[in-house]
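Heads up, the thing below is written out as structure tokens.
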Amino acid sequence: MTFEERGTPPAISDSMLQGAVLHQAQSGSNEKKCTRKHYRLQSPPAIVIGTCAHGLALIHALSNAGVSVISLDTNPTLPGTRTRFSCVELIPDINGPALLDALLDLHARIEAPDKPVLFLNNDRMVRTLGVHWHRLADKFHLSWSACANTLLPLLEKDSLELRCQQTGLRYPETCLIHNDMDARTAVTIIGFPMIIKPVRPLGGFKTFLPTNADELLRWTEIHQPDLPFRACASIPAMIEQFIFQR
């Protein structure tokens, strides 16, 4: 039995909305979205940005807790856009500056006793809202808004080592890879097992665990086009040594 077959009613009901009716998209597909109507809510809603699997899990958890949920996305084919536990609105962009305009437009259509609470699903959203939070601060709650200046530098994984040194935390031995020579150096310094991660958020891969030098060299070559500094014909990736602790 799936989550939505359990019979739990969605947190947003007809009595809580004024004209925000779910309807079929004009394409004739089964995707659902909300018309741009007015939300009249008895409690502050949660705004979930992104309806991928992570976003859908948030929607389910919040709805199960009795929270009204409004979700935003650009892609009507993602699983969360079909849920009946959230009112879904399709917007032009959920990662860049246009997200700010969409949130301001949404806020103008919400009547609630307190500010809506934002839930983000990837680092690009975090960066966009963190940099421009002054535009939204009086209209939304965001759990980490007070420490945005501390959080934003940590989105770059190559800044984590310095932060750990400053705070006395253990950090794996790390090498930056820009070319094959760097990859061979990493094998000598770190050895195996190791983890490879893109330095920039949302690179072409999440993580990779090479088991030998040949695998690492092949991965370095294959993923050059996917990473941020492709103009330099390089692959900026962070390699970490596993730290095993009991």
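Labels used: A, B, ... for chains in the order of the structure tokens, numbers from 1 for residues in each chain, and numbers from 1 for ligands as shown.
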
Output as a count of residues only all residues of range 16-172 of chain A that backbone DSSP marks as alpha helix (DSSP H).
43

Hey, could you make a per-residue contact list for range 117-221 of chain A against range 48-58 of chain A with 10 Å as the cut-off, showing the nearest pair of atoms and its distance in Å to one decimal, counting only C-alpha atoms, sorted by chain and number, as a tab-separated table?
```
residue	atom	partner	partner_atom	distance
A:Val117	CA	A:Val48	CA	8.5
A:Leu118	CA	A:Val48	CA	6.2
A:Phe119	CA	A:Val48	CA	4.8
A:Leu120	CA	A:Ile49	CA	5.3
A:Asn121	CA	A:Gly50	CA	6.0
A:Asn122	CA	A:Gly50	CA	8.3
A:Met125	CA	A:Ile49	CA	8.3
```

Write the selection just made, keeping all heavy atoms, as an mmCIF file, in the first residue's frame?
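Listing of selection_37.cif after writing:
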```cif
data_model
loop_
_atom_site.group_PDB
_atom_site.id
_atom_site.type_symbol
_atom_site.label_atom_id
_atom_site.label_comp_id
_atom_site.auth_asym_id
_atom_site.auth_seq_id
_atom_site.Cartn_x
_atom_site.Cartn_y
_atom_site.Cartn_z
ATOM 1 N N VAL A 117 6.374 28.955 6.167
ATOM 2 C CA VAL A 117 7.702 28.406 6.448
ATOM 3 C C VAL A 117 8.228 27.737 5.187
ATOM 4 O O VAL A 117 7.541 26.918 4.571
ATOM 5 C CB VAL A 117 7.649 27.390 7.604
ATOM 6 C CG1 VAL A 117 9.054 26.865 7.909
ATOM 7 C CG2 VAL A 117 7.029 28.026 8.846
ATOM 8 N N LEU A 118 9.463 28.068 4.798
ATOM 9 C CA LEU A 118 10.055 27.546 3.575
ATOM 10 C C LEU A 118 10.869 26.286 3.843
ATOM 11 O O LEU A 118 11.603 26.202 4.831
ATOM 12 C CB LEU A 118 10.963 28.604 2.939
ATOM 13 C CG LEU A 118 10.283 29.903 2.505
ATOM 14 C CD1 LEU A 118 11.319 30.892 1.985
ATOM 15 C CD2 LEU A 118 9.219 29.634 1.449
ATOM 16 N N PHE A 119 10.755 25.319 2.928
ATOM 17 C CA PHE A 119 11.550 24.094 2.963
ATOM 18 C C PHE A 119 12.202 23.927 1.591
ATOM 19 O O PHE A 119 11.507 23.835 0.579
ATOM 20 C CB PHE A 119 10.676 22.879 3.279
ATOM 21 C CG PHE A 119 10.135 22.863 4.681
ATOM 22 C CD1 PHE A 119 8.989 23.576 5.000
ATOM 23 C CD2 PHE A 119 10.770 22.141 5.677
ATOM 24 C CE1 PHE A 119 8.480 23.569 6.290
ATOM 25 C CE2 PHE A 119 10.275 22.127 6.973
ATOM 26 C CZ PHE A 119 9.129 22.842 7.283
ATOM 27 N N LEU A 120 13.539 23.877 1.565
ATOM 28 C CA LEU A 120 14.285 23.813 0.308
ATOM 29 C C LEU A 120 14.867 22.418 0.103
ATOM 30 O O LEU A 120 15.102 21.688 1.063
ATOM 31 C CB LEU A 120 15.411 24.847 0.311
ATOM 32 C CG LEU A 120 15.030 26.261 0.772
ATOM 33 C CD1 LEU A 120 16.220 27.197 0.658
ATOM 34 C CD2 LEU A 120 13.852 26.795 -0.018
ATOM 35 N N ASN A 121 15.167 22.088 -1.165
ATOM 36 C CA ASN A 121 15.579 20.722 -1.475
ATOM 37 C C ASN A 121 16.926 20.589 -2.173
ATOM 38 O O ASN A 121 17.349 19.467 -2.444
ATOM 39 C CB ASN A 121 14.512 20.045 -2.342
ATOM 40 C CG ASN A 121 13.386 19.466 -1.517
ATOM 41 O OD1 ASN A 121 13.593 18.560 -0.722
ATOM 42 N ND2 ASN A 121 12.194 20.006 -1.685
ATOM 43 N N ASN A 122 17.598 21.696 -2.498
ATOM 44 C CA ASN A 122 18.939 21.550 -3.055
ATOM 45 C C ASN A 122 19.775 22.791 -2.774
ATOM 46 O O ASN A 122 19.271 23.826 -2.329
ATOM 47 C CB ASN A 122 18.907 21.217 -4.558
ATOM 48 C CG ASN A 122 18.422 22.368 -5.423
ATOM 49 O OD1 ASN A 122 18.824 23.515 -5.254
ATOM 50 N ND2 ASN A 122 17.559 22.070 -6.384
ATOM 51 N N MET A 125 18.949 26.300 -4.502
ATOM 52 C CA MET A 125 17.890 27.053 -3.824
ATOM 53 C C MET A 125 18.432 27.736 -2.578
ATOM 54 O O MET A 125 18.106 28.896 -2.294
ATOM 55 C CB MET A 125 16.758 26.112 -3.410
ATOM 56 C CG MET A 125 16.102 25.344 -4.514
ATOM 57 S SD MET A 125 14.977 24.116 -3.789
ATOM 58 C CE MET A 125 14.523 23.186 -5.243
#
```

Taking only C-alpha atoms into account, which of A:Ala98, A:Ile59, A:His141, A:Tyr171 comes nearest Gly80 in chain A?
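Smallest distance to Gly80 in chain A is found for A:Ile59.
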
What does the distance between CA of Leu152 in chain A and CA of Val131 in chain A come to in Å, to one decimal place?
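CA of Val131 in chain A lies 8.1 Å from CA of Leu152 in chain A.
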
Nearby residues (only C-alpha atoms) at most 10 Å from range 101-112 of chain A, same-chain spacing under 5 positions excluded, as a PyMOL selection string:
chain A and resi 17-18+36-45+47+49+70+72+89-94+118+135-136+139-140

Quick one: contact table of range 118-193 of chain A to range 210-225 of chain A, 9 Å max, nearest atom pair and distance in Å to one decimal per residue, counting only C-alpha atoms, chain and number order, as CSV?
```
residue,atom,partner,partner_atom,distance
A:Ile177,CA,A:Thr220,CA,8.3
A:His178,CA,A:Thr220,CA,8.6
A:Asn179,CA,A:Thr220,CA,7.4
A:Asp180,CA,A:Leu217,CA,6.3
A:Ala183,CA,A:Leu217,CA,6.6
A:Arg184,CA,A:Ala213,CA,7.1
A:Val187,CA,A:Ala213,CA,6.5
A:Gly191,CA,A:Asn212,CA,8.5
A:Phe192,CA,A:Thr211,CA,6.5
A:Pro193,CA,A:Thr211,CA,6.6
```

Taking only C-alpha atoms into account, name the residue in A:Ser86, A:Asn95, A:Phe208, A:Ala137 that is nearest to Thr74 in chain A.
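Of A:Ser86, A:Asn95, A:Phe208, A:Ala137, the one nearest Thr74 in chain A, counting only C-alpha atoms, is A:Asn95.
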
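Taking CA of Thr185 in chain A and CA of Leu162 in chain A as the two end points, the separation is 20.9 Å.
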
CA of Thr167 in chain A to CA of Ala148 in chain A: how many Å, to one decimal?
17.7 Å

DSSP-assigned strand (DSSP E) members of range 10-208 of chain A, reported as a PyMOL selection string:
chain A and resi 22-24+32-34+39-40+46-49+69-73+87-90+110-111+117-119+174-177+194-198

Those residues with N, CA and C atoms, as a short mmCIF file (atom, residue, chain, number, x, y, z; two decimals), in the first residue's frame please?
```
data_model
loop_
_atom_site.label_atom_id
_atom_site.label_comp_id
_atom_site.auth_asym_id
_atom_site.auth_seq_id
_atom_site.Cartn_x
_atom_site.Cartn_y
_atom_site.Cartn_z
N LEU A 22 -7.50 22.20 -7.47
CA LEU A 22 -6.66 21.32 -8.26
C LEU A 22 -7.38 20.97 -9.55
N HIS A 23 -6.66 21.03 -10.67
CA HIS A 23 -7.28 20.70 -11.94
C HIS A 23 -6.26 20.03 -12.84
N GLN A 24 -6.72 19.41 -13.92
CA GLN A 24 -5.83 18.77 -14.86
C GLN A 24 -5.10 19.82 -15.68
N LYS A 32 -1.16 17.46 -11.84
CA LYS A 32 -2.08 18.37 -11.19
C LYS A 32 -1.34 19.63 -10.76
N LYS A 33 -2.01 20.74 -10.81
CA LYS A 33 -1.42 21.97 -10.33
C LYS A 33 -2.53 22.85 -9.79
N CYS A 34 -2.15 23.90 -9.08
CA CYS A 34 -3.14 24.82 -8.53
C CYS A 34 -3.27 26.04 -9.41
N TYR A 39 -5.20 31.76 -1.01
CA TYR A 39 -5.18 30.75 0.05
C TYR A 39 -5.62 31.42 1.35
N ARG A 40 -6.72 30.98 1.91
CA ARG A 40 -7.15 31.46 3.22
C ARG A 40 -7.00 30.30 4.20
N ALA A 46 3.34 25.36 5.10
CA ALA A 46 4.71 25.05 4.70
C ALA A 46 4.80 25.19 3.19
N ILE A 47 5.86 25.83 2.72
CA ILE A 47 6.10 25.96 1.28
C ILE A 47 7.28 25.05 0.94
N VAL A 48 7.02 23.96 0.26
CA VAL A 48 8.06 23.01 -0.13
C VAL A 48 8.47 23.34 -1.56
N ILE A 49 9.73 23.67 -1.75
CA ILE A 49 10.23 24.04 -3.08
C ILE A 49 10.97 22.85 -3.67
N VAL A 69 0.27 22.31 3.22
CA VAL A 69 1.46 22.30 2.37
C VAL A 69 1.13 22.86 1.00
N ILE A 70 1.94 23.80 0.56
CA ILE A 70 1.92 24.29 -0.82
C ILE A 70 3.30 23.99 -1.40
N SER A 71 3.36 23.40 -2.57
CA SER A 71 4.65 23.06 -3.15
C SER A 71 4.82 23.71 -4.51
N LEU A 72 6.07 24.00 -4.84
CA LEU A 72 6.42 24.69 -6.08
C LEU A 72 7.40 23.85 -6.88
N ASP A 73 7.20 23.81 -8.19
CA ASP A 73 8.17 23.14 -9.06
C ASP A 73 8.00 23.65 -10.48
N CYS A 87 -0.96 21.32 -2.31
CA CYS A 87 -1.43 22.08 -3.46
C CYS A 87 -0.20 22.50 -4.26
N VAL A 88 -0.12 22.09 -5.51
CA VAL A 88 1.09 22.25 -6.31
C VAL A 88 0.92 23.41 -7.29
N GLU A 89 1.92 24.27 -7.33
CA GLU A 89 1.95 25.35 -8.32
C GLU A 89 3.20 25.18 -9.18
N LEU A 90 3.04 25.30 -10.48
CA LEU A 90 4.16 25.26 -11.41
C LEU A 90 4.65 26.67 -11.67
N ILE A 110 -1.63 34.58 0.07
CA ILE A 110 -1.83 33.76 1.26
C ILE A 110 -2.33 34.62 2.41
N GLU A 111 -3.43 34.20 3.02
CA GLU A 111 -3.90 34.78 4.28
C GLU A 111 -3.73 33.73 5.36
N VAL A 117 6.37 28.95 6.17
CA VAL A 117 7.70 28.41 6.45
C VAL A 117 8.23 27.74 5.19
N LEU A 118 9.46 28.07 4.80
CA LEU A 118 10.06 27.55 3.58
C LEU A 118 10.87 26.29 3.84
N PHE A 119 10.76 25.32 2.93
CA PHE A 119 11.55 24.09 2.96
C PHE A 119 12.20 23.93 1.59
N THR A 174 42.50 15.44 2.17
CA THR A 174 41.80 15.86 0.95
C THR A 174 42.79 16.31 -0.12
N CYS A 175 42.48 15.99 -1.38
CA CYS A 175 43.23 16.49 -2.53
C CYS A 175 42.23 17.05 -3.54
N LEU A 176 42.61 18.09 -4.21
CA LEU A 176 41.79 18.61 -5.30
C LEU A 176 42.34 18.09 -6.62
N ILE A 177 41.43 17.61 -7.47
CA ILE A 177 41.81 17.05 -8.76
C ILE A 177 41.41 18.02 -9.87
N MET A 194 38.49 5.61 -1.08
CA MET A 194 38.33 7.05 -1.15
C MET A 194 36.96 7.38 -1.72
N ILE A 195 36.52 8.61 -1.48
CA ILE A 195 35.25 9.11 -2.02
C ILE A 195 35.56 10.30 -2.90
N ILE A 196 34.93 10.37 -4.05
CA ILE A 196 35.06 11.54 -4.91
C ILE A 196 33.74 12.29 -4.91
N LYS A 197 33.81 13.61 -4.73
CA LYS A 197 32.62 14.47 -4.76
C LYS A 197 32.91 15.70 -5.60
N PRO A 198 31.94 16.18 -6.34
CA PRO A 198 32.13 17.47 -7.01
C PRO A 198 32.30 18.58 -5.99
#
```
